[in-house]
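Have a look at input.txt; it's compact mmCIF, C-alpha atoms:
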```txt
# COMPACT_ATOMS: atom_id res chain seq x y z
CA MET G 224 3.26 16.25 17.64
CA ARG G 225 3.49 13.19 15.44
CA ARG G 226 2.61 9.77 16.80
CA VAL G 227 3.13 6.48 14.99
CA ILE G 228 1.14 3.45 16.11
CA HIS G 229 1.73 -0.04 14.79
CA LYS G 230 -1.47 -2.03 14.70
CA LEU G 231 -2.84 -4.82 12.58
CA PHE G 232 -6.34 -4.80 11.16
CA PHE G 233 -7.45 -7.43 8.73
CA ILE G 234 -9.15 -6.47 5.50
CA TRP G 235 -12.56 -7.46 6.91
CA GLN G 236 -12.17 -5.26 9.99
CA LEU G 237 -12.91 -2.01 8.19
CA GLU G 238 -15.56 -0.89 10.70
CA LYS G 239 -13.44 -1.78 13.73
CA GLU G 240 -10.49 0.12 12.30
CA GLN G 241 -12.67 3.12 11.47
CA ALA G 242 -14.09 3.20 15.01
CA TRP G 243 -10.54 3.18 16.41
CA ILE G 244 -9.39 6.00 14.09
CA ASN G 245 -12.41 8.09 15.10
CA GLU G 246 -11.70 7.38 18.76
CA MET G 247 -8.12 8.62 18.23
CA ALA G 248 -9.52 11.76 16.52
CA ARG G 249 -11.83 12.37 19.50
CA HIS G 250 -8.72 12.27 21.70
CA GLY G 251 -6.93 14.83 19.54
CA TYR G 252 -4.96 12.60 17.17
CA SER G 253 -5.91 12.94 13.52
CA LEU G 254 -4.83 10.32 11.03
CA GLU G 255 -2.40 11.66 8.43
CA HIS G 256 -1.17 8.45 6.87
CA ALA G 257 -1.88 4.74 7.09
CA GLY G 258 0.23 1.82 5.96
CA ARG G 259 -0.60 -1.87 6.14
CA LEU G 260 0.68 -2.09 9.72
CA SER G 261 1.24 1.49 10.83
CA PHE G 262 -0.81 4.61 11.40
CA VAL G 263 0.62 8.12 11.58
CA PHE G 264 -1.30 10.63 13.67
CA GLU G 265 -0.83 14.37 14.17
CA GLU G 266 -1.95 16.15 17.31
CA THR G 267 -4.97 18.36 16.56
CA ASP G 268 -7.98 19.74 18.39
CA PRO G 269 -9.93 16.85 19.91
CA GLY G 270 -12.90 15.94 17.71
CA LYS G 271 -11.87 18.27 14.89
CA TYR G 272 -12.21 15.58 12.23
CA THR G 273 -14.45 12.63 11.61
CA TYR G 274 -13.16 9.71 9.51
CA LYS G 275 -14.73 7.29 7.11
CA SER G 276 -12.97 4.35 5.46
CA LEU G 277 -14.22 2.72 2.33
CA PHE G 278 -13.36 -0.08 -0.01
CA LEU G 279 -13.39 0.73 -3.72
CA LYS G 280 -13.05 -1.30 -6.88
CA GLY G 281 -9.84 -0.62 -8.84
CA SER G 282 -6.59 1.10 -7.99
CA SER G 283 -6.57 4.43 -6.17
CA TYR G 284 -4.65 5.77 -9.19
CA SER G 285 -7.34 4.77 -11.69
CA GLU G 286 -8.99 7.65 -13.53
CA ALA G 287 -12.44 6.70 -12.23
CA ASN G 288 -11.32 6.70 -8.61
CA LEU G 289 -9.28 9.92 -8.98
CA LYS G 290 -12.40 11.64 -10.37
CA PHE G 291 -14.42 10.28 -7.45
CA PHE G 292 -11.83 11.55 -4.93
CA ARG G 293 -12.00 15.00 -6.52
CA PHE G 294 -15.75 14.97 -6.23
CA LEU G 295 -15.52 13.97 -2.56
CA GLU G 296 -13.16 16.89 -1.96
CA GLU G 297 -15.76 19.23 -3.48
CA MET G 298 -18.16 17.85 -0.85
CA GLY G 299 -15.70 18.64 1.96
CA ILE G 300 -14.48 15.04 2.26
CA LYS G 301 -10.72 14.80 1.96
CA VAL G 302 -8.95 11.61 0.94
CA VAL G 303 -6.24 11.26 3.57
CA CYS G 304 -4.50 8.23 2.10
CA THR G 305 -5.13 5.01 0.23
CA ILE G 306 -3.78 1.49 0.29
CA ASN G 307 -3.91 -0.57 -2.88
CA TYR G 308 -4.69 -4.27 -2.99
CA PRO G 309 -5.04 -6.40 -6.13
CA GLY G 310 -8.06 -4.99 -7.98
CA THR G 311 -9.27 -2.86 -5.06
CA CYS G 312 -8.20 -0.07 -2.76
CA TRP G 313 -8.82 0.89 0.83
CA VAL G 314 -9.50 4.60 1.18
CA TYR G 315 -9.27 6.73 4.32
CA THR G 316 -11.31 9.92 4.17
CA ARG G 317 -12.05 12.65 6.63
CA GLY G 318 -14.20 15.74 7.02
CA LEU G 319 -14.62 18.42 9.62
CA THR G 320 -16.89 17.21 12.42
CA SER G 321 -18.62 20.60 12.25
CA ASP G 322 -19.64 19.78 8.64
CA PHE G 323 -20.53 16.15 9.42
CA PRO G 324 -21.84 16.11 13.01
CA ASP G 325 -23.47 12.68 12.49
CA GLY G 326 -20.39 11.20 10.82
CA ILE G 327 -19.63 10.86 7.10
CA GLU G 328 -21.91 8.70 5.00
CA ILE G 329 -20.64 7.94 1.51
CA TYR G 330 -23.73 6.07 0.32
CA SER G 331 -27.28 6.99 1.27
CA ASP G 332 -29.13 4.64 -1.09
CA ILE G 333 -29.55 0.89 -0.88
CA ASP G 334 -28.29 0.17 -4.43
CA SER G 335 -24.93 1.84 -3.80
CA ARG G 336 -24.58 0.01 -0.49
CA ILE G 337 -25.34 -3.28 -2.25
CA ASN G 338 -22.74 -2.55 -4.95
CA ASN G 339 -20.14 -1.59 -2.35
CA LEU G 340 -20.79 -4.77 -0.36
CA LYS G 341 -20.43 -6.81 -3.55
CA VAL G 342 -16.95 -5.31 -4.10
CA THR G 343 -16.01 -6.23 -0.52
CA ILE G 344 -17.37 -9.77 -0.86
CA GLY G 345 -15.58 -10.23 -4.20
CA TYR G 346 -12.29 -9.30 -2.59
CA MET G 347 -12.99 -11.49 0.45
CA ILE G 348 -13.47 -14.48 -1.86
CA PHE G 349 -10.05 -13.73 -3.36
CA VAL G 350 -8.52 -13.59 0.16
CA ILE G 351 -10.21 -16.88 1.13
CA MET G 352 -8.93 -18.64 -1.99
CA LEU G 353 -5.42 -17.30 -1.47
CA THR G 354 -5.17 -18.24 2.22
CA LEU G 355 -6.89 -21.59 1.73
CA LEU G 356 -4.66 -22.63 -1.16
CA SER G 357 -1.50 -21.45 0.64
CA GLY G 358 -2.60 -23.33 3.76
CA LEU G 359 -3.34 -26.57 1.94
CA PHE G 360 -0.15 -26.36 -0.11
CA ASN G 361 2.01 -25.86 3.00
CA LEU G 362 0.16 -28.65 4.80
CA TRP G 363 0.83 -30.98 1.90
CA ILE G 364 4.56 -30.07 1.96
CA ALA G 365 4.75 -30.45 5.76
CA LEU G 366 3.00 -33.80 5.91
CA ALA G 367 3.99 -35.37 2.57
CA PRO G 368 4.53 -39.10 3.02
CA GLY G 369 8.09 -40.36 2.66
CA ARG G 370 9.58 -37.05 3.84
CA ALA G 371 10.54 -35.66 7.23
CA PHE G 372 7.93 -33.55 9.02
CA LEU G 373 8.52 -29.85 8.27
CA PRO G 374 7.42 -27.73 11.27
CA VAL G 375 7.90 -24.37 9.50
CA ASN G 376 5.51 -25.33 6.70
CA PHE G 377 3.11 -26.86 9.19
CA THR G 378 3.01 -23.60 11.23
CA CYS G 379 2.58 -21.59 8.06
CA ALA G 380 -0.26 -23.90 6.97
CA MET G 381 -2.03 -23.51 10.32
CA LEU G 382 -1.72 -19.71 10.17
CA CYS G 383 -3.07 -19.58 6.61
CA LEU G 384 -5.95 -21.92 7.44
CA ALA G 385 -6.82 -19.91 10.57
CA LEU G 386 -6.86 -16.72 8.48
CA SER G 387 -8.98 -18.47 5.91
CA VAL G 388 -11.55 -19.51 8.56
CA ALA G 389 -11.65 -15.94 9.94
CA ALA G 390 -12.13 -14.59 6.40
CA ILE G 391 -14.93 -17.11 5.74
CA ILE G 392 -16.76 -16.06 8.95
CA ALA G 393 -16.41 -12.37 7.99
CA THR G 394 -17.61 -13.09 4.45
CA VAL G 395 -20.69 -14.92 5.74
CA ARG G 396 -21.52 -11.80 7.78
CA PHE G 397 -21.13 -9.62 4.66
CA VAL G 398 -23.33 -12.01 2.66
CA ILE G 399 -26.03 -11.86 5.37
CA GLN G 400 -25.86 -8.03 5.26
CA LEU G 401 -26.14 -8.16 1.46
CA SER G 402 -29.11 -10.48 1.59
CA LYS G 403 -30.90 -8.19 4.10
CA LEU G 404 -30.26 -5.18 1.88
CA LYS G 405 -31.56 -7.03 -1.19
CA LYS G 406 -34.76 -7.97 0.68
CA GLU G 407 -35.11 -4.35 1.79
CA ARG G 408 -34.57 -3.23 -1.80
CA LYS G 409 -37.64 -5.18 -2.92
CA ILE G 410 -39.80 -2.97 -0.71
CA HIS G 411 -37.93 0.31 -0.36
CA GLU G 412 -35.46 2.20 -2.50
CA MET J 92 -42.01 0.03 -22.41
CA PRO J 93 -43.47 2.38 -19.80
CA GLN J 94 -40.95 4.54 -17.99
CA LEU J 95 -39.69 2.92 -14.80
CA ALA J 96 -40.06 4.79 -11.53
CA LEU J 97 -37.26 7.19 -10.70
CA THR J 98 -35.52 6.88 -7.37
CA GLU J 99 -36.19 9.62 -4.88
CA ALA J 100 -32.59 10.78 -5.20
CA VAL J 101 -32.82 11.07 -9.00
CA PHE J 102 -36.18 12.83 -8.83
CA TYR J 103 -34.86 15.45 -6.44
CA ILE J 104 -31.59 15.85 -8.37
CA LEU J 105 -33.49 16.52 -11.60
CA LEU J 106 -35.80 18.89 -9.79
CA SER J 107 -32.81 20.76 -8.36
CA LEU J 108 -31.03 21.06 -11.70
CA GLN J 109 -33.50 23.39 -13.35
CA LYS J 110 -30.79 25.91 -12.62
CA PRO J 111 -27.06 25.01 -12.82
CA LEU J 112 -25.71 23.67 -9.54
CA HIS J 113 -22.55 21.90 -8.36
CA GLY J 114 -22.61 18.79 -6.20
CA TYR J 115 -22.68 20.49 -2.82
CA GLY J 116 -25.39 22.86 -4.05
CA ILE J 117 -27.52 19.88 -5.11
CA ILE J 118 -27.15 18.25 -1.68
CA GLN J 119 -28.20 21.47 0.05
CA ASN J 120 -31.10 22.07 -2.34
CA VAL J 121 -32.45 18.52 -1.97
CA GLU J 122 -32.27 18.78 1.80
CA GLU J 123 -34.11 22.10 1.69
CA LEU J 124 -36.78 20.85 -0.76
CA SER J 125 -37.46 17.77 1.38
CA HIS J 126 -37.39 19.77 4.64
CA GLY J 127 -34.33 17.89 5.83
CA ARG J 128 -35.73 14.40 5.18
CA VAL J 129 -33.55 13.47 2.18
CA LYS J 130 -29.84 13.77 2.82
CA LEU J 131 -27.88 12.69 -0.23
CA ALA J 132 -24.49 11.18 0.54
CA ALA J 133 -21.58 12.14 -1.71
CA GLY J 134 -21.08 8.67 -3.23
CA THR J 135 -24.76 8.27 -4.00
CA LEU J 136 -24.90 11.70 -5.65
CA TYR J 137 -21.75 10.99 -7.66
CA GLY J 138 -23.15 7.71 -9.01
CA ALA J 139 -26.50 9.33 -9.85
CA LEU J 140 -24.88 12.31 -11.62
CA ASN J 141 -22.69 10.04 -13.76
CA SER J 142 -25.68 7.88 -14.73
CA LEU J 143 -27.79 10.92 -15.59
CA VAL J 144 -25.03 12.47 -17.73
CA GLU J 145 -24.63 9.12 -19.51
CA LYS J 146 -28.40 8.97 -20.12
CA GLY J 147 -28.41 12.54 -21.46
CA TRP J 148 -30.84 13.78 -18.82
CA ILE J 149 -28.36 16.30 -17.44
CA ASP J 150 -25.33 18.10 -18.87
CA ALA J 151 -22.03 18.76 -17.14
CA LEU J 152 -21.18 22.42 -17.79
CA PRO J 153 -17.64 23.54 -18.66
CA GLU J 154 -15.63 23.85 -15.48
CA ASN J 155 -15.22 27.23 -13.85
CA PRO J 156 -11.41 27.59 -13.43
CA GLU J 157 -11.89 29.73 -10.30
CA SER J 158 -14.06 27.38 -8.26
CA ARG J 159 -12.91 24.11 -9.92
CA LYS J 160 -16.36 22.76 -9.10
CA LYS J 161 -18.28 21.08 -11.86
CA GLU J 162 -21.82 22.32 -12.40
CA TYR J 163 -24.71 20.36 -13.88
CA VAL J 164 -28.00 21.36 -15.50
CA ILE J 165 -31.08 19.44 -16.67
CA THR J 166 -31.58 18.78 -20.42
CA SER J 167 -34.89 18.72 -22.32
CA SER J 168 -35.03 14.90 -22.16
CA GLY J 169 -34.36 15.12 -18.41
CA LEU J 170 -37.22 17.57 -18.07
CA ASN J 171 -39.52 15.18 -19.98
CA ALA J 172 -38.50 12.32 -17.68
CA LEU J 173 -39.22 14.54 -14.68
CA LYS J 174 -42.69 15.43 -16.04
CA ASP J 175 -43.47 11.75 -16.75
CA GLU J 176 -42.45 10.88 -13.19
CA LEU J 177 -44.60 13.65 -11.82
CA ALA J 178 -47.59 12.23 -13.75
CA ARG J 179 -46.84 8.76 -12.37
CA LEU J 180 -46.58 10.08 -8.83
CA SER J 181 -49.82 12.04 -9.25
CA GLU J 182 -51.55 8.85 -10.31
CA LEU J 183 -50.24 7.10 -7.18
CA VAL J 184 -51.40 9.94 -4.95
CA ASP J 185 -54.82 10.17 -6.63
CA ASN J 186 -55.42 6.42 -6.38
CA GLY J 187 -54.18 6.35 -2.81
CA LYS J 188 -56.44 9.19 -1.78
CA ARG J 189 -59.44 7.78 -3.67
CA LEU J 190 -59.19 4.34 -2.10
CA LEU J 191 -58.09 5.33 1.39
CA GLU J 192 -60.16 8.41 1.90
CA GLY J 193 -63.24 7.28 -0.05
CA ASN J 194 -64.56 8.69 -3.32
```
Before anything else, please render the file you have as structure tokens.
Amino acid sequence: MRRVIHKLFFIWQLEKEQAWINEMARHGYSLEHAGRLSFVFEETDPGKYTYKSLFLKGSSYSEANLKFFRFLEEMGIKVVCTINYPGTCWVYTRGLTSDFPDGIEIYSDIDSRINNLKVTIGYMIFVIMLTLLSGLFNLWIALAPGRAFLPVNFTCAMLCLALSVAAIIATVRFVIQLSKLKKERKIHE
Amino acid sequence: MPQLALTEAVFYILLSLQKPLHGYGIIQNVEELSHGRVKLAAGTLYGALNSLVEKGWIDALPENPESRKKEYVITSSGLNALKDELARLSELVDNGKRLLEGN
């Protein structure tokens, strides 16, 4: 049986979203497709699949990423679906829990984790700039002297600025993670 | 310039590729060689294989149309790099033993 759930996860909530998808899989609902606001699940055996989401540089249609997806499939990791964002893509993968009893790990070395975090941070900076500029622009329109107050622009500005603050907090967390990994890299591989 | 240390993943990949293997075979072989200690993740292996092909230390063999799995094998320069690394590791072990366990 097919079940569609509408739910919003922000770009920096990759781990939270992944935990939720895996929880659904444990309850017998395996993810078949994901959109920006909707998730399509099919009823399957509880715990049959384990999911891993990842953030990659470039479009999911780029030759480099298509080759990578093919390689993952050879390893028993299927790409369920992808969502493209400017310059990056969000990839949902899954494998049989029997093949990956401890969950799927895409990167086992520190260097790859550092590179992957850098991609995420790069995109987060883009999101911060976009939301911050939109917020400030709308605020300027709403509160421009000599004009009537514009509540729609003011609300839009507040929303954008709130998103921007949330994105900044998330980015700081990613930067702290990156810094810890870099310190670790100086001692261990 | 002296050869830089190889990562553990690269060392075990080169060691595994003395016979042609595909990605999953490499992961299994590395796990077996290290008695389950080193578990290569797919993304890490993919990055390492691409870098090693680019460096000329391994070759990607023509694809088998039946399995559609790409196999890799070590080249002579890869074998030299592996031997150099083994010499470097031996030096580490010898020095470690000499200084920790006494002469």
For chain G against chain J, which residues fall within 9 Å using all atoms listed in the file, given as number ranges by chain?
G: 291, 294-295, 297-300, 327-332, 334-336, 412
Write to file, as a CSV table (one decimal), keeping the file's coordinate frame, the residues of the selection just made, with C-alpha atoms.
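This is the output file out_9.csv:
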```
chain,number,residue,atom,x,y,z
G,291,PHE,CA,-14.4,10.3,-7.4
G,294,PHE,CA,-15.8,15.0,-6.2
G,295,LEU,CA,-15.5,14.0,-2.6
G,297,GLU,CA,-15.8,19.2,-3.5
G,298,MET,CA,-18.2,17.8,-0.8
G,299,GLY,CA,-15.7,18.6,2.0
G,300,ILE,CA,-14.5,15.0,2.3
G,327,ILE,CA,-19.6,10.9,7.1
G,328,GLU,CA,-21.9,8.7,5.0
G,329,ILE,CA,-20.6,7.9,1.5
G,330,TYR,CA,-23.7,6.1,0.3
G,331,SER,CA,-27.3,7.0,1.3
G,332,ASP,CA,-29.1,4.6,-1.1
G,334,ASP,CA,-28.3,0.2,-4.4
G,335,SER,CA,-24.9,1.8,-3.8
G,336,ARG,CA,-24.6,0.0,-0.5
G,412,GLU,CA,-35.5,2.2,-2.5
```
Expressed in Å to a single decimal, how great is the separation between atom CA of Lys280 of chain G and atom CA of Thr316 of chain G?
15.8 Å
Separation of atom CA of Ala151 of chain J from atom CA of Leu112 of chain J, in Å and rounded to one decimal
9.8 Å
Can you work out the spacing between atom CA of Lys239 of chain G and atom CA of Ala380 of chain G in Å, to one decimal?
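Result for atom CA of Lys239 of chain G versus atom CA of Ala380 of chain G: 26.6 Å, one decimal.
By chain and then residue number, the residues within 8 Å of Ile149 of chain J are Leu105, Leu108, Leu140, Leu143, Val144, Lys146, Gly147, Ala151, Tyr163, Val164, Ile165, Thr166 and Gly169 of chain J, counting only C-alpha atoms and disregarding those fewer than 2 positions away in sequence.
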Please, what is the axis-aligned box for every listed atom of segment 283-300 of chain G with 8 Å on each side, as centre and edge lengths in Å to one decimal, as JSON?
```
{"center_x": -11.4, "center_y": 11.8, "center_z": -5.6, "size_x": 29.5, "size_y": 30.8, "size_z": 31.8}
```
Near segment 337-353 of chain G, within 12 Å and counting all atoms listed in the file, which residues show up once chain neighbours fewer than 4 positions away are dropped, as a PDB file with C-alpha atoms, in the coordinates of the input?
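selection_4.pdb, freshly written:
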```pdb
ATOM      1  CA  PHE G 233      -7.450  -7.430   8.730  1.00  0.00           C
ATOM      2  CA  ILE G 234      -9.150  -6.470   5.500  1.00  0.00           C
ATOM      3  CA  TRP G 235     -12.560  -7.460   6.910  1.00  0.00           C
ATOM      4  CA  GLN G 236     -12.170  -5.260   9.990  1.00  0.00           C
ATOM      5  CA  LEU G 237     -12.910  -2.010   8.190  1.00  0.00           C
ATOM      6  CA  LEU G 277     -14.220   2.720   2.330  1.00  0.00           C
ATOM      7  CA  PHE G 278     -13.360  -0.080  -0.010  1.00  0.00           C
ATOM      8  CA  LEU G 279     -13.390   0.730  -3.720  1.00  0.00           C
ATOM      9  CA  LYS G 280     -13.050  -1.300  -6.880  1.00  0.00           C
ATOM     10  CA  GLY G 281      -9.840  -0.620  -8.840  1.00  0.00           C
ATOM     11  CA  TYR G 308      -4.690  -4.270  -2.990  1.00  0.00           C
ATOM     12  CA  PRO G 309      -5.040  -6.400  -6.130  1.00  0.00           C
ATOM     13  CA  GLY G 310      -8.060  -4.990  -7.980  1.00  0.00           C
ATOM     14  CA  THR G 311      -9.270  -2.860  -5.060  1.00  0.00           C
ATOM     15  CA  CYS G 312      -8.200  -0.070  -2.760  1.00  0.00           C
ATOM     16  CA  TRP G 313      -8.820   0.890   0.830  1.00  0.00           C
ATOM     17  CA  ILE G 329     -20.640   7.940   1.510  1.00  0.00           C
ATOM     18  CA  TYR G 330     -23.730   6.070   0.320  1.00  0.00           C
ATOM     19  CA  SER G 331     -27.280   6.990   1.270  1.00  0.00           C
ATOM     20  CA  ASP G 332     -29.130   4.640  -1.090  1.00  0.00           C
ATOM     21  CA  ILE G 333     -29.550   0.890  -0.880  1.00  0.00           C
ATOM     22  CA  SER G 357      -1.500 -21.450   0.640  1.00  0.00           C
ATOM     23  CA  GLY G 358      -2.600 -23.330   3.760  1.00  0.00           C
ATOM     24  CA  LEU G 359      -3.340 -26.570   1.940  1.00  0.00           C
ATOM     25  CA  PHE G 360      -0.150 -26.360  -0.110  1.00  0.00           C
ATOM     26  CA  ALA G 380      -0.260 -23.900   6.970  1.00  0.00           C
ATOM     27  CA  CYS G 383      -3.070 -19.580   6.610  1.00  0.00           C
ATOM     28  CA  LEU G 384      -5.950 -21.920   7.440  1.00  0.00           C
ATOM     29  CA  ALA G 385      -6.820 -19.910  10.570  1.00  0.00           C
ATOM     30  CA  LEU G 386      -6.860 -16.720   8.480  1.00  0.00           C
ATOM     31  CA  SER G 387      -8.980 -18.470   5.910  1.00  0.00           C
ATOM     32  CA  VAL G 388     -11.550 -19.510   8.560  1.00  0.00           C
ATOM     33  CA  ALA G 389     -11.650 -15.940   9.940  1.00  0.00           C
ATOM     34  CA  ALA G 390     -12.130 -14.590   6.400  1.00  0.00           C
ATOM     35  CA  ILE G 391     -14.930 -17.110   5.740  1.00  0.00           C
ATOM     36  CA  ILE G 392     -16.760 -16.060   8.950  1.00  0.00           C
ATOM     37  CA  ALA G 393     -16.410 -12.370   7.990  1.00  0.00           C
ATOM     38  CA  THR G 394     -17.610 -13.090   4.450  1.00  0.00           C
ATOM     39  CA  VAL G 395     -20.690 -14.920   5.740  1.00  0.00           C
ATOM     40  CA  ARG G 396     -21.520 -11.800   7.780  1.00  0.00           C
ATOM     41  CA  PHE G 397     -21.130  -9.620   4.660  1.00  0.00           C
ATOM     42  CA  VAL G 398     -23.330 -12.010   2.660  1.00  0.00           C
ATOM     43  CA  ILE G 399     -26.030 -11.860   5.370  1.00  0.00           C
ATOM     44  CA  GLN G 400     -25.860  -8.030   5.260  1.00  0.00           C
ATOM     45  CA  LEU G 401     -26.140  -8.160   1.460  1.00  0.00           C
ATOM     46  CA  SER G 402     -29.110 -10.480   1.590  1.00  0.00           C
ATOM     47  CA  LYS G 403     -30.900  -8.190   4.100  1.00  0.00           C
ATOM     48  CA  LEU G 404     -30.260  -5.180   1.880  1.00  0.00           C
ATOM     49  CA  LYS G 405     -31.560  -7.030  -1.190  1.00  0.00           C
ATOM     50  CA  LYS G 406     -34.760  -7.970   0.680  1.00  0.00           C
ATOM     51  CA  GLU G 407     -35.110  -4.350   1.790  1.00  0.00           C
ATOM     52  CA  ARG G 408     -34.570  -3.230  -1.800  1.00  0.00           C
ATOM     53  CA  GLU G 412     -35.460   2.200  -2.500  1.00  0.00           C
TER      54      GLU G 412
ATOM     55  CA  GLY J 134     -21.080   8.670  -3.230  1.00  0.00           C
ATOM     56  CA  THR J 135     -24.760   8.270  -4.000  1.00  0.00           C
ATOM     57  CA  GLY J 138     -23.150   7.710  -9.010  1.00  0.00           C
TER      58      GLY J 138
END
```
When you get a chance, write out all heavy atoms for segment 113-120 of chain J, as a PDB file, keeping the file's coordinate frame.
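And here is the file that came out, rebuild.pdb:
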```pdb
ATOM      1  N   HIS J 113     -23.630  22.880  -8.556  1.00  0.00           N
ATOM      2  CA  HIS J 113     -22.550  21.900  -8.360  1.00  0.00           C
ATOM      3  C   HIS J 113     -23.005  20.899  -7.299  1.00  0.00           C
ATOM      4  O   HIS J 113     -24.086  21.070  -6.688  1.00  0.00           O
ATOM      5  CB  HIS J 113     -21.239  22.584  -7.988  1.00  0.00           C
ATOM      6  CG  HIS J 113     -21.340  23.527  -6.847  1.00  0.00           C
ATOM      7  ND1 HIS J 113     -21.540  23.095  -5.557  1.00  0.00           N
ATOM      8  CD2 HIS J 113     -21.298  24.880  -6.792  1.00  0.00           C
ATOM      9  CE1 HIS J 113     -21.599  24.145  -4.762  1.00  0.00           C
ATOM     10  NE2 HIS J 113     -21.459  25.242  -5.487  1.00  0.00           N
ATOM     11  N   GLY J 114     -22.211  19.882  -7.091  1.00  0.00           N
ATOM     12  CA  GLY J 114     -22.610  18.790  -6.200  1.00  0.00           C
ATOM     13  C   GLY J 114     -23.101  19.223  -4.832  1.00  0.00           C
ATOM     14  O   GLY J 114     -24.178  18.819  -4.386  1.00  0.00           O
ATOM     15  N   TYR J 115     -22.315  20.082  -4.179  1.00  0.00           N
ATOM     16  CA  TYR J 115     -22.680  20.490  -2.820  1.00  0.00           C
ATOM     17  C   TYR J 115     -23.995  21.281  -2.841  1.00  0.00           C
ATOM     18  O   TYR J 115     -24.838  21.129  -1.947  1.00  0.00           O
ATOM     19  CB  TYR J 115     -21.545  21.311  -2.193  1.00  0.00           C
ATOM     20  CG  TYR J 115     -21.755  21.547  -0.721  1.00  0.00           C
ATOM     21  CD1 TYR J 115     -21.730  20.471   0.171  1.00  0.00           C
ATOM     22  CD2 TYR J 115     -21.989  22.822  -0.223  1.00  0.00           C
ATOM     23  CE1 TYR J 115     -21.937  20.676   1.532  1.00  0.00           C
ATOM     24  CE2 TYR J 115     -22.194  23.033   1.137  1.00  0.00           C
ATOM     25  CZ  TYR J 115     -22.169  21.960   2.007  1.00  0.00           C
ATOM     26  OH  TYR J 115     -22.379  22.157   3.343  1.00  0.00           O
ATOM     27  N   GLY J 116     -24.158  22.092  -3.900  1.00  0.00           N
ATOM     28  CA  GLY J 116     -25.390  22.860  -4.050  1.00  0.00           C
ATOM     29  C   GLY J 116     -26.599  21.945  -4.196  1.00  0.00           C
ATOM     30  O   GLY J 116     -27.675  22.230  -3.646  1.00  0.00           O
ATOM     31  N   ILE J 117     -26.412  20.839  -4.925  1.00  0.00           N
ATOM     32  CA  ILE J 117     -27.520  19.880  -5.110  1.00  0.00           C
ATOM     33  C   ILE J 117     -27.900  19.275  -3.753  1.00  0.00           C
ATOM     34  O   ILE J 117     -29.078  19.202  -3.397  1.00  0.00           O
ATOM     35  CB  ILE J 117     -27.114  18.757  -6.106  1.00  0.00           C
ATOM     36  CG1 ILE J 117     -26.844  19.345  -7.494  1.00  0.00           C
ATOM     37  CG2 ILE J 117     -28.205  17.694  -6.183  1.00  0.00           C
ATOM     38  CD1 ILE J 117     -26.210  18.369  -8.472  1.00  0.00           C
ATOM     39  N   ILE J 118     -26.881  18.861  -2.994  1.00  0.00           N
ATOM     40  CA  ILE J 118     -27.150  18.250  -1.680  1.00  0.00           C
ATOM     41  C   ILE J 118     -27.956  19.218  -0.796  1.00  0.00           C
ATOM     42  O   ILE J 118     -28.959  18.840  -0.185  1.00  0.00           O
ATOM     43  CB  ILE J 118     -25.827  17.850  -0.989  1.00  0.00           C
ATOM     44  CG1 ILE J 118     -25.236  16.624  -1.702  1.00  0.00           C
ATOM     45  CG2 ILE J 118     -26.032  17.553   0.498  1.00  0.00           C
ATOM     46  CD1 ILE J 118     -23.936  16.120  -1.144  1.00  0.00           C
ATOM     47  N   GLN J 119     -27.523  20.476  -0.780  1.00  0.00           N
ATOM     48  CA  GLN J 119     -28.200  21.470   0.050  1.00  0.00           C
ATOM     49  C   GLN J 119     -29.632  21.708  -0.433  1.00  0.00           C
ATOM     50  O   GLN J 119     -30.564  21.787   0.367  1.00  0.00           O
ATOM     51  CB  GLN J 119     -27.425  22.787   0.010  1.00  0.00           C
ATOM     52  CG  GLN J 119     -26.174  22.755   0.868  1.00  0.00           C
ATOM     53  CD  GLN J 119     -25.454  24.076   0.810  1.00  0.00           C
ATOM     54  OE1 GLN J 119     -25.298  24.657  -0.256  1.00  0.00           O
ATOM     55  NE2 GLN J 119     -25.006  24.544   1.967  1.00  0.00           N
ATOM     56  N   ASN J 120     -29.780  21.800  -1.765  1.00  0.00           N
ATOM     57  CA  ASN J 120     -31.100  22.070  -2.340  1.00  0.00           C
ATOM     58  C   ASN J 120     -32.078  20.927  -2.061  1.00  0.00           C
ATOM     59  O   ASN J 120     -33.235  21.158  -1.707  1.00  0.00           O
ATOM     60  CB  ASN J 120     -30.957  22.291  -3.846  1.00  0.00           C
ATOM     61  CG  ASN J 120     -32.135  23.034  -4.414  1.00  0.00           C
ATOM     62  OD1 ASN J 120     -32.481  24.097  -3.924  1.00  0.00           O
ATOM     63  ND2 ASN J 120     -32.779  22.456  -5.396  1.00  0.00           N
TER      64      ASN J 120
END
```
